[in-house]
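A.B. asks: Dumping the structure here so I can ask a few things about it.
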Amino acid sequence: MSIQYHIRPATVNDVDTLLQLVIDLATYEKEPESAKATPELFKENVFEKGYAHALLAFQGTPEAPGVPLGMALYFFNFSTWTGRPGMYLEDLFVKPEARNMGIGKALFAELGTIAQKKNCGRLDWSVLTWNEPSIAFYEKVLSAKRMDGWMGMRLTGEGIENLKKFAPTAN
């Protein structure tokens, strides 16, 4: 089955659509309770402060858009090793009923175009180890390479707060 779709950058008017896709992704990843983002946080941090950017895939045409089918949310970082910016793909999600129609590939194609325009040295992302269909797609279709030898690390709320104890004291 083939459907007509288009991809465009998200705007502040798409906050509710983005949040619903994030909830759909969290549900797919078996952690719906972990999706704590609010419309206010997305408006402020994505659209006002520009900490992240998003692409949306919709059924239909730009002139007559239909239902949302997927999204990619990304931000830029910097590599000290390459001396160039990089792109980090925070989330890519295509609704289950819209998979295997080229939407994921098209989202990656758009990400690649943006990364090239920004002179990014690399595009990184993480994938859950149990998500074998996605891993197979990344490796076989995109020719992505596993980052063996690297382990993700994270601090949240209290952990970030606790960093204060390492600040030098005034003499």
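Residue names in the structure tokens use chain letters A, B, ... in the order shown, residue numbers from 1 in each chain, and ligand numbers from 1 in the order shown.
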Residues near stretch 108-124 of chain A, anyone? I mean within 10 Å using only C-alpha atoms, not counting same-chain ones fewer than 5 positions away, as number ranges by chain.

C.D. replies: A: 7-9, 54-55, 72-74, 76-79, 81-90, 92, 102-103, 142, 144-145, 147

A.B. asks: Can you write out the residues you just picked, keeping C-alpha atoms, as a short mmCIF file (atom, residue, chain, number, x, y, z; two decimals), in the first residue's frame?

C.D. replies:
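Okay, this is what ended up in part.cif:
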data_model
loop_
_atom_site.label_atom_id
_atom_site.label_comp_id
_atom_site.auth_asym_id
_atom_site.auth_seq_id
_atom_site.Cartn_x
_atom_site.Cartn_y
_atom_site.Cartn_z
CA ILE A 7 7.39 16.36 5.41
CA ARG A 8 7.82 19.85 6.77
CA PRO A 9 9.43 21.60 9.72
CA ALA A 54 11.30 18.96 14.66
CA LEU A 55 10.12 17.58 11.35
CA ALA A 72 11.81 13.48 13.96
CA LEU A 73 13.06 15.67 16.81
CA TYR A 74 16.73 16.67 16.72
CA PHE A 76 22.83 20.21 17.23
CA ASN A 77 25.89 19.42 19.30
CA PHE A 78 29.62 19.85 18.71
CA SER A 79 32.44 17.35 18.27
CA TRP A 81 37.35 15.54 17.64
CA THR A 82 36.05 16.69 14.26
CA GLY A 83 35.86 20.38 15.12
CA ARG A 84 32.44 20.46 13.48
CA PRO A 85 28.82 20.50 14.57
CA GLY A 86 26.92 17.27 14.81
CA MET A 87 23.26 16.42 14.76
CA TYR A 88 21.68 14.32 17.47
CA LEU A 89 18.39 12.64 16.62
CA GLU A 90 16.50 12.58 19.92
CA LEU A 92 12.15 9.44 15.32
CA GLY A 102 9.04 5.14 3.08
CA ILE A 103 8.22 7.73 5.73
CA LEU A 142 20.88 3.17 6.35
CA ALA A 144 24.49 2.95 10.32
CA LYS A 145 27.23 1.62 12.59
CA MET A 147 28.77 2.49 18.73
#

A.B. asks: Can you pull out the residues contacting stretch 135-140 of chain A? Cut-off 10 Å, using only C-alpha atoms, and skip same-chain residues under 5 positions away; I want them as a ChimeraX atom specification.

C.D. replies: /A:104-105,126-130,145-146

A.B. asks: Write the residues of the selection above to a file with N, CA and C atoms, as a PDB file, in the first residue's frame.

C.D. replies:
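Written file, result.pdb:
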ATOM      1  N   GLY A 104       9.883   6.794   7.226  1.00  0.00           N
ATOM      2  CA  GLY A 104      11.118   6.836   8.019  1.00  0.00           C
ATOM      3  C   GLY A 104      12.320   7.193   7.158  1.00  0.00           C
ATOM      4  N   LYS A 105      12.408   6.591   5.984  1.00  0.00           N
ATOM      5  CA  LYS A 105      13.509   6.917   5.064  1.00  0.00           C
ATOM      6  C   LYS A 105      13.453   8.383   4.655  1.00  0.00           C
ATOM      7  N   SER A 126      20.308   7.102  19.531  1.00  0.00           N
ATOM      8  CA  SER A 126      20.291   5.888  20.346  1.00  0.00           C
ATOM      9  C   SER A 126      19.051   5.080  19.979  1.00  0.00           C
ATOM     10  N   VAL A 127      19.153   3.785  20.187  1.00  0.00           N
ATOM     11  CA  VAL A 127      18.019   2.894  19.937  1.00  0.00           C
ATOM     12  C   VAL A 127      17.973   1.886  21.074  1.00  0.00           C
ATOM     13  N   LEU A 128      16.775   1.574  21.513  1.00  0.00           N
ATOM     14  CA  LEU A 128      16.625   0.579  22.569  1.00  0.00           C
ATOM     15  C   LEU A 128      17.100  -0.777  22.067  1.00  0.00           C
ATOM     16  N   THR A 129      17.810  -1.501  22.924  1.00  0.00           N
ATOM     17  CA  THR A 129      18.407  -2.772  22.502  1.00  0.00           C
ATOM     18  C   THR A 129      17.363  -3.807  22.098  1.00  0.00           C
ATOM     19  N   TRP A 130      16.132  -3.707  22.613  1.00  0.00           N
ATOM     20  CA  TRP A 130      15.103  -4.679  22.259  1.00  0.00           C
ATOM     21  C   TRP A 130      14.409  -4.343  20.942  1.00  0.00           C
ATOM     22  N   LYS A 145      26.293   2.451  11.828  1.00  0.00           N
ATOM     23  CA  LYS A 145      27.234   1.620  12.587  1.00  0.00           C
ATOM     24  C   LYS A 145      26.924   1.694  14.074  1.00  0.00           C
ATOM     25  N   ARG A 146      26.979   0.549  14.730  1.00  0.00           N
ATOM     26  CA  ARG A 146      26.810   0.508  16.182  1.00  0.00           C
ATOM     27  C   ARG A 146      27.992   1.196  16.846  1.00  0.00           C
TER      28      ARG A 146
END

A.B. asks: Counting only C-alpha atoms, figure out which residue out of A:Ala64, A:Gln4, A:Lys30, A:Leu69 gets nearest to A:Thr17.

C.D. replies: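 The shortest atom-to-atom distance to A:Thr17 comes from A:Leu69.
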
A.B. asks: Write out as a PyMOL selection string the set of residues from stretch 69-113 of chain A that DSSP, computed on the backbone, places in helix (DSSP H, G or I).

C.D. replies: chain A and resi 96-98+103-113

A.B. asks: The selected residues should be written to file as a PDB file, in the first residue's frame (atoms: N, CA and C atoms).

C.D. replies:
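Done, and the output landed in out30.pdb:
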ATOM      1  N   PRO A  96       2.634   3.085  13.710  1.00  0.00           N
ATOM      2  CA  PRO A  96       2.686   1.697  13.214  1.00  0.00           C
ATOM      3  C   PRO A  96       1.927   1.479  11.914  1.00  0.00           C
ATOM      4  N   GLU A  97       0.770   2.108  11.758  1.00  0.00           N
ATOM      5  CA  GLU A  97      -0.030   1.904  10.549  1.00  0.00           C
ATOM      6  C   GLU A  97       0.576   2.583   9.319  1.00  0.00           C
ATOM      7  N   ALA A  98       1.589   3.422   9.527  1.00  0.00           N
ATOM      8  CA  ALA A  98       2.222   4.131   8.409  1.00  0.00           C
ATOM      9  C   ALA A  98       3.643   3.618   8.134  1.00  0.00           C
ATOM     10  N   ILE A 103       8.257   6.507   4.925  1.00  0.00           N
ATOM     11  CA  ILE A 103       8.223   7.735   5.725  1.00  0.00           C
ATOM     12  C   ILE A 103       9.469   7.868   6.586  1.00  0.00           C
ATOM     13  N   GLY A 104       9.883   6.794   7.226  1.00  0.00           N
ATOM     14  CA  GLY A 104      11.118   6.836   8.019  1.00  0.00           C
ATOM     15  C   GLY A 104      12.320   7.193   7.158  1.00  0.00           C
ATOM     16  N   LYS A 105      12.408   6.591   5.984  1.00  0.00           N
ATOM     17  CA  LYS A 105      13.509   6.917   5.064  1.00  0.00           C
ATOM     18  C   LYS A 105      13.453   8.383   4.655  1.00  0.00           C
ATOM     19  N   ALA A 106      12.242   8.874   4.398  1.00  0.00           N
ATOM     20  CA  ALA A 106      12.103  10.274   3.979  1.00  0.00           C
ATOM     21  C   ALA A 106      12.475  11.225   5.115  1.00  0.00           C
ATOM     22  N   LEU A 107      12.124  10.880   6.356  1.00  0.00           N
ATOM     23  CA  LEU A 107      12.541  11.705   7.491  1.00  0.00           C
ATOM     24  C   LEU A 107      14.064  11.719   7.601  1.00  0.00           C
ATOM     25  N   PHE A 108      14.695  10.555   7.457  1.00  0.00           N
ATOM     26  CA  PHE A 108      16.162  10.509   7.492  1.00  0.00           C
ATOM     27  C   PHE A 108      16.766  11.293   6.331  1.00  0.00           C
ATOM     28  N   ALA A 109      16.143  11.240   5.157  1.00  0.00           N
ATOM     29  CA  ALA A 109      16.653  12.003   4.018  1.00  0.00           C
ATOM     30  C   ALA A 109      16.633  13.496   4.326  1.00  0.00           C
ATOM     31  N   GLU A 110      15.559  13.963   4.939  1.00  0.00           N
ATOM     32  CA  GLU A 110      15.464  15.380   5.288  1.00  0.00           C
ATOM     33  C   GLU A 110      16.489  15.737   6.367  1.00  0.00           C
ATOM     34  N   LEU A 111      16.673  14.850   7.340  1.00  0.00           N
ATOM     35  CA  LEU A 111      17.699  15.071   8.368  1.00  0.00           C
ATOM     36  C   LEU A 111      19.081  15.156   7.721  1.00  0.00           C
ATOM     37  N   GLY A 112      19.341  14.292   6.749  1.00  0.00           N
ATOM     38  CA  GLY A 112      20.621  14.321   6.043  1.00  0.00           C
ATOM     39  C   GLY A 112      20.844  15.621   5.303  1.00  0.00           C
ATOM     40  N   THR A 113      19.808  16.133   4.683  1.00  0.00           N
ATOM     41  CA  THR A 113      19.909  17.415   3.979  1.00  0.00           C
ATOM     42  C   THR A 113      20.244  18.532   4.954  1.00  0.00           C
TER      43      THR A 113
END

A.B. asks: DSSP on the backbone: what in chain A comes out strand (DSSP E or B), as an MDAnalysis selection string?

C.D. replies: chainID A and resid 5:9 53:60 65:79 84:94 123:125

A.B. asks: Give me the residues within 12 Å of A:Thr61 as an mmCIF file with all heavy atoms, in the first residue's frame, counting only C-alpha atoms and dropping any in the same chain fewer than 4 places off.

C.D. replies:
data_model
loop_
_atom_site.group_PDB
_atom_site.id
_atom_site.type_symbol
_atom_site.label_atom_id
_atom_site.label_comp_id
_atom_site.auth_asym_id
_atom_site.auth_seq_id
_atom_site.Cartn_x
_atom_site.Cartn_y
_atom_site.Cartn_z
ATOM 1 N N ILE A 3 0.836 5.616 0.185
ATOM 2 C CA ILE A 3 0.027 6.792 0.485
ATOM 3 C C ILE A 3 0.821 8.027 0.113
ATOM 4 O O ILE A 3 2.048 8.002 0.058
ATOM 5 C CB ILE A 3 -0.371 6.861 1.970
ATOM 6 C CG1 ILE A 3 0.877 6.912 2.858
ATOM 7 C CG2 ILE A 3 -1.271 5.719 2.375
ATOM 8 C CD1 ILE A 3 0.584 7.236 4.303
ATOM 9 N N GLN A 4 0.109 9.086 -0.134
ATOM 10 C CA GLN A 4 0.769 10.358 -0.406
ATOM 11 C C GLN A 4 1.036 11.033 0.938
ATOM 12 O O GLN A 4 0.169 11.072 1.810
ATOM 13 C CB GLN A 4 -0.121 11.242 -1.280
ATOM 14 C CG GLN A 4 0.565 12.500 -1.723
ATOM 15 C CD GLN A 4 -0.289 13.302 -2.698
ATOM 16 O OE1 GLN A 4 -1.494 13.141 -2.777
ATOM 17 N NE2 GLN A 4 0.358 14.178 -3.440
ATOM 18 N N TYR A 5 2.260 11.550 1.093
ATOM 19 C CA TYR A 5 2.612 12.238 2.332
ATOM 20 C C TYR A 5 3.625 13.322 2.026
ATOM 21 O O TYR A 5 4.224 13.356 0.948
ATOM 22 C CB TYR A 5 3.164 11.263 3.381
ATOM 23 C CG TYR A 5 4.447 10.594 2.974
ATOM 24 C CD1 TYR A 5 5.688 11.179 3.258
ATOM 25 C CD2 TYR A 5 4.441 9.384 2.288
ATOM 26 C CE1 TYR A 5 6.871 10.568 2.884
ATOM 27 C CE2 TYR A 5 5.619 8.772 1.909
ATOM 28 C CZ TYR A 5 6.824 9.362 2.213
ATOM 29 O OH TYR A 5 7.998 8.758 1.828
ATOM 30 N N HIS A 6 3.821 14.200 2.978
ATOM 31 C CA HIS A 6 4.838 15.238 2.850
ATOM 32 C C HIS A 6 5.466 15.487 4.223
ATOM 33 O O HIS A 6 4.883 15.140 5.256
ATOM 34 C CB HIS A 6 4.242 16.533 2.278
ATOM 35 C CG HIS A 6 3.294 17.214 3.207
ATOM 36 N ND1 HIS A 6 2.004 16.781 3.395
ATOM 37 C CD2 HIS A 6 3.452 18.286 4.015
ATOM 38 C CE1 HIS A 6 1.402 17.562 4.269
ATOM 39 N NE2 HIS A 6 2.255 18.491 4.672
ATOM 40 N N ILE A 7 6.643 16.063 4.191
ATOM 41 C CA ILE A 7 7.392 16.357 5.411
ATOM 42 C C ILE A 7 7.671 17.850 5.435
ATOM 43 O O ILE A 7 8.016 18.438 4.406
ATOM 44 C CB ILE A 7 8.706 15.560 5.449
ATOM 45 C CG1 ILE A 7 8.377 14.068 5.559
ATOM 46 C CG2 ILE A 7 9.598 16.023 6.605
ATOM 47 C CD1 ILE A 7 9.568 13.166 5.403
ATOM 48 N N ARG A 8 7.529 18.435 6.623
ATOM 49 C CA ARG A 8 7.821 19.852 6.766
ATOM 50 C C ARG A 8 8.328 20.116 8.179
ATOM 51 O O ARG A 8 8.081 19.321 9.098
ATOM 52 C CB ARG A 8 6.595 20.697 6.470
ATOM 53 C CG ARG A 8 5.458 20.493 7.447
ATOM 54 C CD ARG A 8 4.425 21.605 7.332
ATOM 55 N NE ARG A 8 3.269 21.412 8.156
ATOM 56 C CZ ARG A 8 3.218 21.623 9.470
ATOM 57 N NH1 ARG A 8 4.295 22.005 10.127
ATOM 58 N NH2 ARG A 8 2.097 21.438 10.148
ATOM 59 N N ALA A 57 5.763 14.491 9.476
ATOM 60 C CA ALA A 57 5.262 13.857 8.255
ATOM 61 C C ALA A 57 3.740 13.806 8.359
ATOM 62 O O ALA A 57 3.198 13.372 9.380
ATOM 63 C CB ALA A 57 5.829 12.455 8.113
ATOM 64 N N PRO A 65 -3.052 19.030 3.889
ATOM 65 C CA PRO A 65 -2.483 18.031 4.791
ATOM 66 C C PRO A 65 -3.553 17.220 5.498
ATOM 67 O O PRO A 65 -4.653 17.720 5.779
ATOM 68 C CB PRO A 65 -1.681 18.867 5.783
ATOM 69 C CG PRO A 65 -2.291 20.217 5.749
ATOM 70 C CD PRO A 65 -2.852 20.389 4.367
ATOM 71 N N GLY A 66 -3.207 15.989 5.758
ATOM 72 C CA GLY A 66 -4.114 15.100 6.481
ATOM 73 C C GLY A 66 -3.568 14.803 7.866
ATOM 74 O O GLY A 66 -2.953 15.660 8.502
ATOM 75 N N VAL A 67 -3.739 13.565 8.286
ATOM 76 C CA VAL A 67 -3.345 13.172 9.642
ATOM 77 C C VAL A 67 -1.823 13.104 9.765
ATOM 78 O O VAL A 67 -1.116 12.817 8.797
ATOM 79 C CB VAL A 67 -3.964 11.805 10.022
ATOM 80 C CG1 VAL A 67 -5.475 11.892 10.048
ATOM 81 C CG2 VAL A 67 -3.495 10.705 9.109
ATOM 82 N N PRO A 68 -1.298 13.361 10.972
ATOM 83 C CA PRO A 68 0.139 13.216 11.185
ATOM 84 C C PRO A 68 0.526 11.743 11.159
ATOM 85 O O PRO A 68 -0.201 10.889 11.675
ATOM 86 C CB PRO A 68 0.369 13.833 12.568
ATOM 87 C CG PRO A 68 -0.955 13.851 13.232
ATOM 88 C CD PRO A 68 -1.994 13.864 12.153
#

A.B. asks: Pick the closest to A:Val12 from A:Leu163, A:Met101, A:Ala26, A:Val46: which is it, counting only C-alpha atoms?

C.D. replies: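 Closest candidate: A:Val46.
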
A.B. asks: Grab the atom CA of A:Gln20 to atom CA of A:Gln59 distance for me, in Å with one decimal place.

C.D. replies: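 That distance, rounded to one decimal, is 15.9 Å.
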